[in-house]
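*Asks:* Before I ask anything, here is the structure I am working with.
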Amino acid sequence: MTPMTDPNLAVAVLRVSTNEQAESGLGLEAQEASIRAYASANGLELVSIHTDAGVSGRAELTDRPGLVAALGEIVSRRAGVLLVAKLDRLARDPFLVLTIEKVLKRSGARLVSAAGEGTQGDDPSQVLMRHILMAVGAHEAALVSSRTKAALQAKKARGERIGRPPKGFKVEAGVLVPNEDFPAVRRCLELREAGLTYRAIQAELGWNLNTIRLVVKRWNNSKTLLAAVVQEAPTMSRLDAALAFTGGS
């Protein structure tokens with residue numbers, strides 16, 4: 001028997017794929033505006049909005065904490081709609097989207113895109129449109145990935161450093177150099193090592209939670225952070241400069 005849900009209750013999911021978008025809010029604000037406009041126009045009450053920031057659309061469900069939380073809310077709040085701005089904001093993996101649709105159906109809920117995209121119903125034409133758009137999204141993601149890999153291989157062959165420098169660093173003459181954010185990055189790691197929660201660190205540094213998670217995941221602890229400076233720097237003077245930022249040793 002299908003669980004009873006309220007078709008007027010909606011849980012929303014936002015996603016951007018780059019750390020830069022996650023930190024700046026670019027993309028997330030537009031998605032939320034689209035979702036809120038759709039909900040208002042269609043008489044839906046948004047009970048919660050969940051975000052996966054800096055997460056690839058091809059990531060596994062286990063690497064999508066925002067999406068997992070949203071699916072949990074669908075069940076706990078008996079919401080009838082999982083709302084996204086566009087299907088590719090949910091995921092770029094057609095199999096993952098189909099899995100999510102099956103999970104929602106078992107809960108008596110459905111997937112809705114604010115852009116339409118064949119989510120207005122389950123008649124054959126709507127289902128076909130959904131599947132075509134999911135396939136196109138997966139194809140676009142594969143093309144971007146292929147082009148990116150080719151560009152990175154070309155840069156590597158030229159001896160250039162590849163990838164965007166992590167928070168707290170900039171690239172000068174092909175090496176990582178601490179920038180003005182370095183003291184805060186080190187402080188973040190020290191607070192985490194001291195056992196503080198992400199929200200406690202947020203209260204001190206004023207960063208968003210996703211940025212804190214990314215920094216902790218990238219460096220793990222302050223010793224790893226400083227070791228990176230030593231490894232990348234051609235002279236110890238760069239380490240001295242890093243320490244000067246923090247007043248530590």
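Within each chain, counting starts at residue 1; across the structure tokens, chains are named A, B, ... in the order shown, with ligands numbered 1 upward in that order.
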For Arg110 (chain A), please output as a list in words all residues within 9 Å (counting only C-alpha atoms; exclusion window: fewer than 5 positions along the same chain).
*Replies:*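 Close residues of Arg110 (chain A): Pro7, Gly80, Val81, Leu82, Leu83, Glu101, Lys102, Leu104, Lys105 and Thr119 of chain A.
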*Asks:* Extract, using only C-alpha atoms, all DNA, RNA and protein residues at most 9 Å from Leu71 (chain A), discarding same-chain residues fewer than 4 positions from it, and format them as a PyMOL selection string.
*Replies:* chain A and resi 11+66-67+75-76+82+100+103-104
*Asks:* Which of region 57-127 of chain A counts as strand (DSSP E) under DSSP, as an MDAnalysis selection string please?
*Replies:* chainID A and resid 79:84 110:113
*Asks:* Go ahead and save the picked residues with all heavy atoms, as a tab-separated table (two decimals), in the first residue's frame.
*Replies:*
chain	number	residue	atom	x	y	z
A	79	ALA	N	5.92	14.56	2.69
A	79	ALA	CA	5.80	15.52	1.59
A	79	ALA	C	5.56	14.77	0.28
A	79	ALA	O	6.10	13.68	0.06
A	79	ALA	CB	7.07	16.36	1.48
A	80	GLY	N	4.77	15.36	-0.59
A	80	GLY	CA	4.43	14.69	-1.84
A	80	GLY	C	5.29	15.06	-3.02
A	80	GLY	O	5.15	14.47	-4.09
A	81	VAL	N	6.21	16.03	-2.84
A	81	VAL	CA	6.99	16.52	-3.97
A	81	VAL	C	8.45	16.72	-3.58
A	81	VAL	O	8.75	17.33	-2.54
A	81	VAL	CB	6.42	17.86	-4.50
A	81	VAL	CG1	7.34	18.46	-5.57
A	81	VAL	CG2	5.01	17.67	-5.04
A	82	LEU	N	9.36	16.21	-4.41
A	82	LEU	CA	10.77	16.56	-4.34
A	82	LEU	C	10.99	17.55	-5.48
A	82	LEU	O	10.88	17.19	-6.65
A	82	LEU	CB	11.67	15.35	-4.51
A	82	LEU	CG	13.18	15.65	-4.47
A	82	LEU	CD1	13.59	16.15	-3.09
A	82	LEU	CD2	14.00	14.42	-4.85
A	83	LEU	N	11.30	18.81	-5.14
A	83	LEU	CA	11.34	19.88	-6.12
A	83	LEU	C	12.77	20.32	-6.43
A	83	LEU	O	13.57	20.56	-5.52
A	83	LEU	CB	10.54	21.08	-5.59
A	83	LEU	CG	10.38	22.30	-6.48
A	83	LEU	CD1	9.72	21.94	-7.80
A	83	LEU	CD2	9.55	23.37	-5.75
A	84	VAL	N	13.10	20.41	-7.72
A	84	VAL	CA	14.41	20.88	-8.16
A	84	VAL	C	14.20	21.97	-9.20
A	84	VAL	O	13.15	22.05	-9.84
A	84	VAL	CB	15.26	19.74	-8.76
A	84	VAL	CG1	15.62	18.73	-7.70
A	84	VAL	CG2	14.54	19.08	-9.93
A	110	ARG	N	6.58	12.38	-5.71
A	110	ARG	CA	7.03	12.44	-7.10
A	110	ARG	C	8.08	13.53	-7.26
A	110	ARG	O	8.19	14.45	-6.44
A	110	ARG	CB	5.85	12.71	-8.05
A	110	ARG	CG	5.18	14.07	-7.87
A	110	ARG	CD	3.89	14.15	-8.68
A	110	ARG	NE	3.27	15.47	-8.59
A	110	ARG	CZ	3.43	16.42	-9.51
A	110	ARG	NH1	4.17	16.18	-10.58
A	110	ARG	NH2	2.85	17.60	-9.38
A	111	LEU	N	8.84	13.41	-8.33
A	111	LEU	CA	9.88	14.37	-8.66
A	111	LEU	C	9.30	15.46	-9.55
A	111	LEU	O	8.60	15.15	-10.52
A	111	LEU	CB	11.04	13.68	-9.38
A	111	LEU	CG	12.14	14.56	-9.97
A	111	LEU	CD1	12.86	15.32	-8.87
A	111	LEU	CD2	13.11	13.71	-10.79
A	112	VAL	N	9.58	16.72	-9.24
A	112	VAL	CA	9.07	17.83	-10.04
A	112	VAL	C	10.21	18.80	-10.33
A	112	VAL	O	10.96	19.19	-9.43
A	112	VAL	CB	7.94	18.59	-9.31
A	112	VAL	CG1	7.55	19.85	-10.09
A	112	VAL	CG2	6.73	17.70	-9.14
A	113	SER	N	10.34	19.17	-11.59
A	113	SER	CA	11.30	20.19	-12.01
A	113	SER	C	10.56	21.51	-12.22
A	113	SER	O	9.52	21.54	-12.88
A	113	SER	CB	12.00	19.78	-13.31
A	113	SER	OG	12.66	20.88	-13.90
*Asks:* Which polymer residues have any atom within 10 Å of an atom of Lys223 (chain A), counting only C-alpha atoms, with same-chain residues fewer than 4 positions away left out, as an mmCIF file with all heavy atoms, in the first residue's frame?
*Replies:*
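Written out: part.cif:
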data_model
loop_
_atom_site.group_PDB
_atom_site.id
_atom_site.type_symbol
_atom_site.label_atom_id
_atom_site.label_comp_id
_atom_site.auth_asym_id
_atom_site.auth_seq_id
_atom_site.Cartn_x
_atom_site.Cartn_y
_atom_site.Cartn_z
ATOM 1 N N ARG A 186 44.335 27.726 8.678
ATOM 2 C CA ARG A 186 45.049 27.030 9.747
ATOM 3 C C ARG A 186 44.229 27.060 11.039
ATOM 4 O O ARG A 186 44.147 26.050 11.749
ATOM 5 C CB ARG A 186 46.416 27.668 9.982
ATOM 6 C CG ARG A 186 47.244 26.903 11.012
ATOM 7 C CD ARG A 186 48.605 27.507 11.219
ATOM 8 N NE ARG A 186 49.370 26.702 12.165
ATOM 9 C CZ ARG A 186 50.553 27.045 12.648
ATOM 10 N NH1 ARG A 186 51.113 28.176 12.271
ATOM 11 N NH2 ARG A 186 51.183 26.267 13.503
ATOM 12 N N LEU A 189 41.491 24.436 11.006
ATOM 13 C CA LEU A 189 41.993 23.087 11.281
ATOM 14 C C LEU A 189 42.344 22.906 12.754
ATOM 15 O O LEU A 189 42.080 21.855 13.345
ATOM 16 C CB LEU A 189 43.211 22.805 10.407
ATOM 17 C CG LEU A 189 42.936 22.765 8.895
ATOM 18 C CD1 LEU A 189 44.236 22.739 8.117
ATOM 19 C CD2 LEU A 189 42.063 21.567 8.538
ATOM 20 N N GLU A 190 42.923 23.938 13.360
ATOM 21 C CA GLU A 190 43.263 23.851 14.779
ATOM 22 C C GLU A 190 42.011 23.716 15.638
ATOM 23 O O GLU A 190 41.989 22.938 16.609
ATOM 24 C CB GLU A 190 44.068 25.080 15.194
ATOM 25 C CG GLU A 190 45.469 25.113 14.605
ATOM 26 C CD GLU A 190 46.199 26.410 14.882
ATOM 27 O OE1 GLU A 190 45.524 27.416 15.189
ATOM 28 O OE2 GLU A 190 47.441 26.414 14.796
ATOM 29 N N TRP A 219 42.670 19.131 3.973
ATOM 30 C CA TRP A 219 43.925 19.149 4.712
ATOM 31 C C TRP A 219 43.959 18.203 5.896
ATOM 32 O O TRP A 219 45.026 17.817 6.358
ATOM 33 C CB TRP A 219 44.230 20.570 5.186
ATOM 34 C CG TRP A 219 44.419 21.515 4.062
ATOM 35 C CD1 TRP A 219 43.603 22.557 3.726
ATOM 36 C CD2 TRP A 219 45.469 21.517 3.099
ATOM 37 N NE1 TRP A 219 44.083 23.201 2.622
ATOM 38 C CE2 TRP A 219 45.232 22.586 2.219
ATOM 39 C CE3 TRP A 219 46.599 20.715 2.900
ATOM 40 C CZ2 TRP A 219 46.075 22.874 1.157
ATOM 41 C CZ3 TRP A 219 47.443 21.008 1.841
ATOM 42 C CH2 TRP A 219 47.175 22.071 0.989
ATOM 43 N N ALA A 227 52.876 20.996 6.037
ATOM 44 C CA ALA A 227 53.725 20.093 5.255
ATOM 45 C C ALA A 227 53.599 20.391 3.771
ATOM 46 O O ALA A 227 54.572 20.276 3.016
ATOM 47 C CB ALA A 227 53.356 18.641 5.543
ATOM 48 N N ALA A 228 52.394 20.773 3.343
ATOM 49 C CA ALA A 228 52.186 21.108 1.938
ATOM 50 C C ALA A 228 53.000 22.335 1.556
ATOM 51 O O ALA A 228 53.543 22.418 0.448
ATOM 52 C CB ALA A 228 50.707 21.350 1.668
#
*Asks:* Do you know which residues are at most 10 Å from Pro166 (chain A) counting only C-alpha atoms, after dropping those on the same chain fewer than 3 positions away, and could you put them as a list in words?
*Replies:* Asn19, Gly163, Phe169, Lys170, Val171, Leu176, Pro178, Phe182, Val185, Leu214, Val215, Arg218 and Trp219 of chain A
*Asks:* Those residues you just picked out, can you put them in a file as a PDB file, in the first residue's frame with N, CA, C and O atoms?
*Replies:*
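So the final result, stored in out-v2.pdb, reads:
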ATOM      1  N   ASN A  19      33.437  24.402  -6.186  1.00  0.00           N
ATOM      2  CA  ASN A  19      33.635  25.050  -4.891  1.00  0.00           C
ATOM      3  C   ASN A  19      33.450  26.553  -4.998  1.00  0.00           C
ATOM      4  O   ASN A  19      32.960  27.205  -4.073  1.00  0.00           O
ATOM      5  N   GLY A 163      44.790  22.442 -11.774  1.00  0.00           N
ATOM      6  CA  GLY A 163      43.803  22.529 -10.697  1.00  0.00           C
ATOM      7  C   GLY A 163      43.815  23.884 -10.020  1.00  0.00           C
ATOM      8  O   GLY A 163      44.822  24.592  -9.998  1.00  0.00           O
ATOM      9  N   PHE A 169      45.616  29.463  -0.347  1.00  0.00           N
ATOM     10  CA  PHE A 169      46.817  29.498  -1.172  1.00  0.00           C
ATOM     11  C   PHE A 169      46.545  30.176  -2.507  1.00  0.00           C
ATOM     12  O   PHE A 169      45.414  30.262  -2.967  1.00  0.00           O
ATOM     13  N   LYS A 170      47.624  30.626  -3.125  1.00  0.00           N
ATOM     14  CA  LYS A 170      47.616  31.077  -4.509  1.00  0.00           C
ATOM     15  C   LYS A 170      48.828  30.456  -5.180  1.00  0.00           C
ATOM     16  O   LYS A 170      49.711  29.890  -4.514  1.00  0.00           O
ATOM     17  N   VAL A 171      48.877  30.507  -6.497  1.00  0.00           N
ATOM     18  CA  VAL A 171      49.992  29.936  -7.242  1.00  0.00           C
ATOM     19  C   VAL A 171      50.888  31.056  -7.757  1.00  0.00           C
ATOM     20  O   VAL A 171      50.419  31.980  -8.417  1.00  0.00           O
ATOM     21  N   LEU A 176      52.639  26.594  -4.748  1.00  0.00           N
ATOM     22  CA  LEU A 176      51.637  27.121  -3.834  1.00  0.00           C
ATOM     23  C   LEU A 176      52.265  28.108  -2.865  1.00  0.00           C
ATOM     24  O   LEU A 176      53.301  27.821  -2.260  1.00  0.00           O
ATOM     25  N   PRO A 178      51.103  30.731   0.419  1.00  0.00           N
ATOM     26  CA  PRO A 178      50.015  31.153   1.306  1.00  0.00           C
ATOM     27  C   PRO A 178      49.504  32.546   0.944  1.00  0.00           C
ATOM     28  O   PRO A 178      50.288  33.439   0.625  1.00  0.00           O
ATOM     29  N   PHE A 182      45.217  32.176   4.481  1.00  0.00           N
ATOM     30  CA  PHE A 182      45.949  31.082   5.116  1.00  0.00           C
ATOM     31  C   PHE A 182      45.773  31.034   6.638  1.00  0.00           C
ATOM     32  O   PHE A 182      45.548  29.954   7.195  1.00  0.00           O
ATOM     33  N   VAL A 185      42.511  29.460   7.460  1.00  0.00           N
ATOM     34  CA  VAL A 185      42.494  28.034   7.145  1.00  0.00           C
ATOM     35  C   VAL A 185      43.182  27.247   8.252  1.00  0.00           C
ATOM     36  O   VAL A 185      42.672  26.224   8.717  1.00  0.00           O
ATOM     37  N   LEU A 214      34.983  21.429   3.347  1.00  0.00           N
ATOM     38  CA  LEU A 214      35.946  21.276   2.259  1.00  0.00           C
ATOM     39  C   LEU A 214      37.381  21.459   2.755  1.00  0.00           C
ATOM     40  O   LEU A 214      38.283  20.715   2.358  1.00  0.00           O
ATOM     41  N   VAL A 215      37.596  22.449   3.619  1.00  0.00           N
ATOM     42  CA  VAL A 215      38.938  22.696   4.154  1.00  0.00           C
ATOM     43  C   VAL A 215      39.401  21.511   5.002  1.00  0.00           C
ATOM     44  O   VAL A 215      40.524  21.021   4.865  1.00  0.00           O
ATOM     45  N   ARG A 218      40.121  18.561   2.801  1.00  0.00           N
ATOM     46  CA  ARG A 218      41.322  18.744   1.973  1.00  0.00           C
ATOM     47  C   ARG A 218      42.611  18.569   2.767  1.00  0.00           C
ATOM     48  O   ARG A 218      43.555  17.918   2.322  1.00  0.00           O
ATOM     49  N   TRP A 219      42.670  19.131   3.973  1.00  0.00           N
ATOM     50  CA  TRP A 219      43.925  19.149   4.712  1.00  0.00           C
ATOM     51  C   TRP A 219      43.959  18.203   5.896  1.00  0.00           C
ATOM     52  O   TRP A 219      45.026  17.817   6.358  1.00  0.00           O
TER      53      TRP A 219
END
